[in-house]
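Undergrad: Below you'll find query.txt; it's compact mmCIF, C-alpha atoms.
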```
# COMPACT_ATOMS: atom_id res chain seq x y z
CA MET A 192 91.63 109.79 125.00
CA ILE A 193 91.74 106.68 122.86
CA MET A 194 89.99 103.56 124.04
CA ILE A 195 92.14 101.02 125.85
CA ASN A 196 91.42 98.27 123.32
CA THR A 197 92.57 100.56 120.50
CA ARG A 198 95.71 101.47 122.45
CA ASP A 199 96.42 97.77 122.86
CA LEU A 200 96.07 97.27 119.12
CA LEU A 201 98.69 99.95 118.47
CA ARG A 202 101.30 97.94 120.32
CA GLY A 203 103.68 96.70 117.65
CA ALA A 204 101.92 98.50 114.78
CA PHE A 205 103.84 100.04 111.86
CA ASP A 206 103.07 103.28 110.02
CA PHE A 207 104.60 103.11 106.54
CA HIS A 208 103.86 106.69 105.50
CA VAL A 209 104.60 109.64 107.78
CA HIS A 210 106.16 113.07 107.20
CA SER A 211 108.51 114.81 109.63
CA ALA A 212 111.08 117.60 109.79
CA PRO A 213 113.57 118.52 108.45
CA ASP A 214 111.63 119.21 105.26
CA ILE A 215 111.09 122.00 102.75
CA VAL A 216 107.41 121.62 103.69
CA PRO A 217 106.46 122.64 107.28
CA ARG A 218 105.99 119.59 109.51
CA LEU A 219 104.44 119.08 112.92
CA LEU A 220 107.33 117.14 114.50
CA ASP A 221 110.96 116.41 113.76
CA ASP A 222 112.30 112.87 113.36
CA VAL A 223 113.44 112.44 116.97
CA ASP A 224 110.29 113.80 118.62
CA LEU A 225 108.16 111.73 116.26
CA ALA A 226 110.10 108.57 117.11
CA ARG A 227 109.67 109.20 120.83
CA LEU A 228 105.95 109.78 120.37
CA TYR A 229 105.45 106.58 118.36
CA ARG A 230 107.44 104.65 120.96
CA ASP A 231 105.31 106.08 123.77
CA TYR A 232 102.19 104.93 121.94
CA GLY A 233 103.68 101.43 121.72
CA PHE A 234 104.30 101.28 117.97
CA GLY A 235 106.76 98.82 116.52
CA GLY A 236 108.06 101.34 114.03
CA PHE A 237 107.47 103.67 111.12
CA ILE A 238 108.88 104.82 107.77
CA ILE A 239 109.83 108.47 107.22
CA LYS A 240 108.77 109.91 103.86
CA ASN A 241 110.08 113.11 102.28
CA HIS A 242 109.21 114.28 98.77
CA TYR A 243 112.54 116.07 98.29
CA SER A 244 115.34 114.27 100.11
CA PRO A 245 116.29 110.71 101.14
CA THR A 246 115.30 109.53 104.60
CA TYR A 247 117.29 106.31 105.02
CA ASP A 248 120.28 108.18 106.48
CA ARG A 249 118.07 110.11 108.90
CA ALA A 250 116.38 106.90 109.99
CA TYR A 251 119.75 105.35 110.81
CA LEU A 252 120.67 108.25 113.10
CA VAL A 253 117.27 108.36 114.83
CA ARG A 254 117.56 104.64 115.60
CA LYS A 255 120.80 105.46 117.44
CA ILE A 256 119.04 108.13 119.52
CA VAL A 257 115.63 106.61 120.26
CA GLU A 258 115.57 103.05 121.56
CA ASP A 259 112.82 100.42 121.52
CA ILE A 260 111.35 101.39 118.16
CA GLU A 261 112.33 100.65 114.56
CA ILE A 262 112.67 103.62 112.20
CA PHE A 263 113.15 103.12 108.47
CA GLY A 264 113.65 105.36 105.47
CA GLY A 265 113.79 105.38 101.72
CA VAL A 266 113.86 107.71 98.75
CA VAL A 267 111.24 109.34 96.51
CA LEU A 268 112.29 109.56 92.86
CA ASN A 269 111.52 113.24 92.35
CA ASN A 270 113.75 115.77 90.56
CA SER A 271 115.68 116.78 93.68
CA VAL A 272 117.38 113.35 93.67
CA GLY A 273 117.66 113.09 89.89
CA GLY A 274 114.18 111.80 89.09
CA LEU A 275 114.11 108.29 87.67
CA ASN A 276 117.72 107.89 88.68
CA PRO A 277 119.21 104.40 89.12
CA ARG A 278 122.25 105.89 90.90
CA ILE A 279 120.27 107.12 93.90
CA VAL A 280 118.42 103.80 94.05
CA TYR A 281 121.73 101.96 94.18
CA VAL A 282 123.02 104.29 96.90
CA ALA A 283 119.76 103.85 98.81
CA GLY A 284 120.00 100.08 98.60
CA ARG A 285 123.62 100.08 99.76
CA SER A 286 122.66 102.40 102.63
CA GLY A 287 119.89 100.23 104.02
CA ALA A 288 116.82 101.93 102.57
CA LYS A 289 113.63 99.94 102.89
CA ILE A 290 111.46 101.61 100.24
CA VAL A 291 111.64 103.39 96.89
CA TRP A 292 108.69 105.56 95.95
CA PHE A 293 108.21 106.42 92.29
CA PRO A 294 107.66 110.15 91.57
CA THR A 295 105.16 112.03 93.70
CA VAL A 296 105.06 115.84 93.46
CA ASP A 297 107.10 115.75 90.23
CA SER A 298 105.06 113.04 88.53
CA ALA A 299 103.45 114.08 85.27
CA ASN A 300 100.19 113.11 86.91
CA GLU A 301 100.56 115.68 89.72
CA ARG A 302 102.29 118.30 87.57
CA SER A 303 99.31 118.44 85.20
CA SER A 304 97.31 120.43 87.76
CA LEU A 305 100.06 122.35 89.58
CA LEU A 306 99.67 125.73 87.90
CA ASN A 307 95.92 125.66 88.49
CA TRP A 308 96.73 126.33 92.16
CA ARG A 309 98.48 129.68 91.54
CA ASP A 310 95.37 131.84 91.94
CA LYS A 311 93.67 129.73 94.61
CA PRO A 312 93.80 130.61 98.32
CA ASN A 313 95.55 128.33 100.81
CA PRO A 314 97.03 125.65 98.55
CA PRO A 315 98.53 122.57 100.24
CA ALA A 316 102.01 123.13 101.67
CA TRP A 317 103.69 120.89 99.10
CA VAL A 318 101.99 122.86 96.31
CA ARG A 319 103.45 126.08 97.74
CA ALA A 320 106.89 124.46 97.72
CA GLN A 321 106.45 123.35 94.11
CA LEU A 322 105.28 126.80 93.01
CA GLU A 323 108.32 128.39 94.66
CA LEU A 324 110.59 126.04 92.70
CA TYR A 325 108.65 126.84 89.52
CA GLU A 326 109.07 130.60 90.03
CA ARG A 327 112.84 130.12 90.46
CA GLY A 328 113.09 127.92 87.37
CA LEU A 329 114.12 124.94 89.49
CA LEU A 330 111.11 122.69 89.09
CA GLY A 331 112.53 120.42 86.40
CA ASN A 332 110.62 118.24 83.98
CA ALA A 333 107.47 116.32 84.81
CA LEU A 334 108.31 112.66 85.29
CA SER A 335 106.69 109.67 83.63
CA ILE A 336 107.71 106.03 83.40
CA PHE A 337 106.91 106.17 79.66
CA ASP A 338 108.97 107.60 76.81
CA GLU A 339 107.51 109.63 73.95
CA ASP A 340 106.42 106.43 72.19
CA GLY A 341 104.56 105.14 75.24
CA ARG A 342 107.16 102.52 76.12
CA ILE A 343 108.57 102.01 79.60
CA LYS A 344 111.89 103.84 79.86
CA PRO A 345 115.09 101.76 80.19
CA GLU A 346 115.99 103.49 83.46
CA VAL A 347 112.74 102.22 84.99
CA ASP A 348 113.88 98.66 84.35
CA GLU A 349 117.27 99.48 85.90
CA ILE A 350 115.53 100.84 88.98
CA LEU A 351 113.29 97.81 89.29
CA ASP A 352 116.28 95.49 89.06
CA LEU A 353 118.04 97.40 91.84
CA ILE A 354 114.94 97.29 94.03
CA LYS A 355 114.90 93.52 93.60
CA GLU A 356 118.67 93.19 94.19
CA PHE A 357 118.51 95.02 97.51
CA ASN A 358 115.17 93.50 98.54
CA MET A 359 113.56 96.91 98.87
CA ILE A 360 109.87 97.79 98.66
CA LEU A 361 108.54 99.43 95.51
CA ALA A 362 105.79 102.04 96.03
CA THR A 363 103.85 103.58 93.14
CA GLY A 364 103.98 107.14 94.51
CA HIS A 365 101.74 109.64 92.76
CA LEU A 366 101.77 108.03 89.33
CA SER A 367 98.43 107.92 87.59
CA SER A 368 96.50 104.70 87.93
CA SER A 369 97.26 103.77 84.31
CA GLU A 370 101.00 104.27 84.90
CA GLY A 371 100.82 102.48 88.22
CA MET A 372 99.14 99.48 86.63
CA GLN A 373 101.91 99.18 84.05
CA LEU A 374 104.64 99.71 86.63
CA VAL A 375 103.30 96.94 88.86
CA LYS A 376 103.07 94.52 85.95
CA ARG A 377 106.59 95.35 84.79
CA ALA A 378 107.94 95.02 88.32
CA ALA A 379 106.35 91.60 88.69
CA GLU A 380 107.87 90.51 85.37
CA ARG A 381 111.32 91.53 86.62
CA GLY A 382 110.95 89.68 89.91
CA VAL A 383 110.11 92.49 92.35
CA ARG A 384 108.11 90.85 95.12
CA LYS A 385 107.40 93.70 97.55
CA ILE A 386 105.03 96.25 96.02
CA ILE A 387 102.81 98.90 97.59
CA VAL A 388 100.10 100.80 95.73
CA THR A 389 100.26 104.25 97.34
CA HIS A 390 96.95 105.65 98.71
CA PRO A 391 94.67 104.30 95.96
CA GLU A 392 91.71 106.38 97.24
CA PHE A 393 93.55 109.69 96.80
CA PRO A 394 91.91 111.67 93.94
CA MET A 395 95.07 112.11 91.82
CA THR A 396 96.09 108.48 92.27
CA LYS A 397 92.66 106.89 92.39
CA TYR A 398 92.39 103.28 91.26
CA SER A 399 88.97 101.86 90.46
CA ILE A 400 87.81 98.78 92.34
CA GLU A 401 88.23 96.81 89.12
CA GLN A 402 91.83 97.98 88.80
CA GLN A 403 92.50 97.10 92.42
CA ARG A 404 91.07 93.62 91.97
CA GLU A 405 93.36 93.13 88.97
CA LEU A 406 96.41 94.37 90.87
CA ALA A 407 95.63 92.05 93.78
CA ASN A 408 96.53 89.20 91.43
CA TYR A 409 100.12 90.53 91.50
CA SER A 410 100.29 90.19 95.30
CA VAL A 411 100.58 93.94 95.86
CA TYR A 412 99.68 95.65 99.12
CA PHE A 413 97.26 98.58 99.04
CA GLU A 414 98.20 101.39 101.38
CA ARG A 415 95.08 102.91 102.99
CA CYS A 416 95.98 106.31 104.43
CA TYR A 417 94.03 108.08 107.14
CA GLN A 418 94.94 111.51 105.77
CA SER A 419 92.82 110.83 102.67
CA VAL A 420 89.81 110.32 104.94
CA LEU A 421 90.68 113.15 107.32
CA ALA A 422 90.99 115.64 104.45
CA GLY A 423 87.71 114.52 102.90
CA ARG A 424 89.36 113.15 99.78
CA ALA A 425 87.85 109.73 100.45
CA SER A 426 85.19 108.44 102.81
CA ILE A 427 85.67 105.70 105.34
CA ASN A 428 83.09 103.75 103.33
CA ASP A 429 85.36 103.98 100.27
CA VAL A 430 88.20 102.50 102.30
CA VAL A 431 86.04 99.76 103.80
CA LYS A 432 84.68 98.70 100.42
CA ALA A 433 88.12 98.60 98.82
CA ILE A 434 89.60 96.53 101.65
CA ARG A 435 86.73 94.06 101.50
CA GLU A 436 87.03 93.79 97.72
CA THR A 437 90.78 93.17 97.76
CA GLY A 438 91.13 91.24 101.02
CA VAL A 439 92.58 92.11 104.41
CA GLU A 440 95.69 90.11 103.56
CA ARG A 441 96.50 92.58 100.75
CA ASN A 442 96.11 95.83 102.73
CA ILE A 443 98.18 97.93 105.11
CA LEU A 444 97.08 100.91 107.20
CA SER A 445 99.16 104.11 107.22
CA THR A 446 98.53 107.73 108.16
CA ASP A 447 100.28 110.04 105.62
CA LEU A 448 100.20 112.54 108.50
CA GLY A 449 102.75 115.03 109.82
CA GLN A 450 101.16 118.21 108.45
CA VAL A 451 101.25 121.13 110.89
CA HIS A 452 97.46 121.54 110.85
CA ASN A 453 96.69 117.88 111.59
CA GLU A 454 96.86 115.87 114.80
CA PRO A 455 100.00 113.87 115.67
CA PRO A 456 100.34 110.78 113.48
CA PRO A 457 100.00 108.12 116.23
CA ARG A 458 96.73 109.68 117.38
CA GLY A 459 95.46 109.73 113.81
CA TYR A 460 96.43 106.07 113.42
CA ALA A 461 94.39 105.24 116.53
CA LYS A 462 91.34 107.08 115.18
CA PHE A 463 91.67 105.28 111.85
CA ILE A 464 91.58 101.94 113.64
CA GLU A 465 88.57 103.00 115.68
CA GLN A 466 86.66 104.02 112.57
CA LEU A 467 87.43 100.74 110.83
CA MET A 468 86.40 98.70 113.87
CA ASN A 469 83.15 100.67 113.99
CA GLU A 470 82.62 99.53 110.41
CA GLY A 471 82.90 95.89 111.41
CA PHE A 472 86.59 94.99 111.15
CA THR A 473 87.67 92.55 113.83
CA ARG A 474 90.66 92.80 116.11
CA GLU A 475 92.30 89.98 114.16
CA GLU A 476 91.80 91.78 110.85
CA ILE A 477 93.24 94.99 112.25
CA GLU A 478 96.27 93.06 113.51
CA VAL A 479 96.90 91.79 109.98
CA MET A 480 96.68 95.28 108.41
CA THR A 481 98.76 97.07 111.05
CA LYS A 482 101.45 94.50 111.85
CA GLU A 483 101.51 91.21 109.98
CA ASN A 484 101.47 92.56 106.42
CA GLN A 485 104.04 95.23 107.29
CA ARG A 486 106.40 92.62 108.70
CA LYS A 487 106.14 90.64 105.46
CA LEU A 488 107.25 93.73 103.57
CA LEU A 489 110.01 94.78 105.95
CA TYR A 490 111.76 91.47 106.60
```
How would this structure read if it were set down as structure tokens?
TA:
Amino acid sequence: MIMINTRDLLRGAFDFHVHSAPDIVPRLLDDVDLARLYRDYGFGGFIIKNHYSPTYDRAYLVRKIVEDIEIFGGVVLNNSVGGLNPRIVYVAGRSGAKIVWFPTVDSANERSSLLNWRDKPNPPAWVRAQLELYERGLLGNALSIFDEDGRIKPEVDEILDLIKEFNMILATGHLSSSEGMQLVKRAAERGVRKIIVTHPEFPMTKYSIEQQRELANYSVYFERCYQSVLAGRASINDVVKAIRETGVERNILSTDLGQVHNEPPPRGYAKFIEQLMNEGFTREEIEVMTKENQRKLLY
């Protein structure tokens, strides 16, 4: 059972990073059951993420089925939607998507270590999916925002302009920290005002504290995900230090949950809050990182 004060804090909270079925990767809950569970916990809403297919259309339908909670979707620019593809970004914007993630499982950053998993036992579920695509010859090229000469590709600028036009959120996905730094700076130059740095404690996307301080000058939001802590990829102390260094006003709390072996996402969100409050964060600070900053990005 979660403590009553934590349950109260969940009322109106938003989770910007949660995985649900249908998916090529096994998931704990489908969209509708997940929406009902978040609603029962008192959440204000959440964003569905899928590495392989858009979620804005699913979110629209779930909103019609489950009342009293806001469900949003977006698109991840992996190969299954054409990679760094301005067309899908335009379609997403026209269809009401809230967020565009740059490449995740197909990023050059992630792809660099994919084949190392082939002989290891129990790889992550998304790795198994990627290896299946590889074996069928369907994986496609690794994706980078840079061309062969190290310059930002023209299609990246097209995508950024569309994100601005439709007032969507840009998320850095699983780009390397060096790519993410350049993407944020380019986005700011082109007038994108809603930017999330995706789980900056995650090993493959890790940003140093110095890099995070620099990015804070561009008014980005750092997404601190409970799954990184739960899986032992980062400590709660790492998260606490990074939030304190960059400021509560520049951070949002998410779960990145939905895996079949993990607890339901709302419960994980509650435990994340409890751990942060045990580390000295006040109720007011938690409110900012679970509700206020999310509302600034959504509306």
Undergrad: Counting all atoms listed in the file, figure out which residue out of A:Lys385, A:Gly287, A:Glu356, A:Leu275 gets nearest to A:Leu334.
TA: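 Of A:Lys385, A:Gly287, A:Glu356, A:Leu275, the one nearest A:Leu334 is A:Leu275, counting all atoms listed in the file.
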Undergrad: With distances taken over all atoms listed in the file, which of A:Met359, A:Leu305, A:Val282, A:Ala425 is nearest to A:Phe263?
TA: A:Met359
Undergrad: In Å, how far is it from atom CA of A:Met468 to atom CA of A:Gly235?
TA: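 Value for the atom CA of A:Met468-atom CA of A:Gly235 distance: 20.5 Å.
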Undergrad: Residues within 12 Å of A:Glu323, please, as a ChimeraX atom specification. Count all atoms listed in the file; anything in the same chain fewer than 5 positions from it doesn't count.
TA: /A:215-216,305-306,309,316-318,328-330
Undergrad: In Å, rounded to a single decimal, give me how far atom CA of A:Glu349 is from atom CA of A:Val291.
TA: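 Answer for the atom CA of A:Val291 to atom CA of A:Glu349 separation: 13.0 Å.
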Undergrad: Find the residue from A:Phe472, A:Tyr229, A:Tyr243, A:Trp292 that sits nearest to A:Gly203; use only C-alpha atoms when measuring.
TA: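 Among the listed residues, the smallest separation from A:Gly203 belongs to A:Tyr229.
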Undergrad: Which of these residues is nearest to A:Gly471, using all atoms listed in the file: A:Val257, A:Val280, A:Arg458, A:Lys432?
TA: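 So, comparing all the options, the nearest one is A:Lys432.
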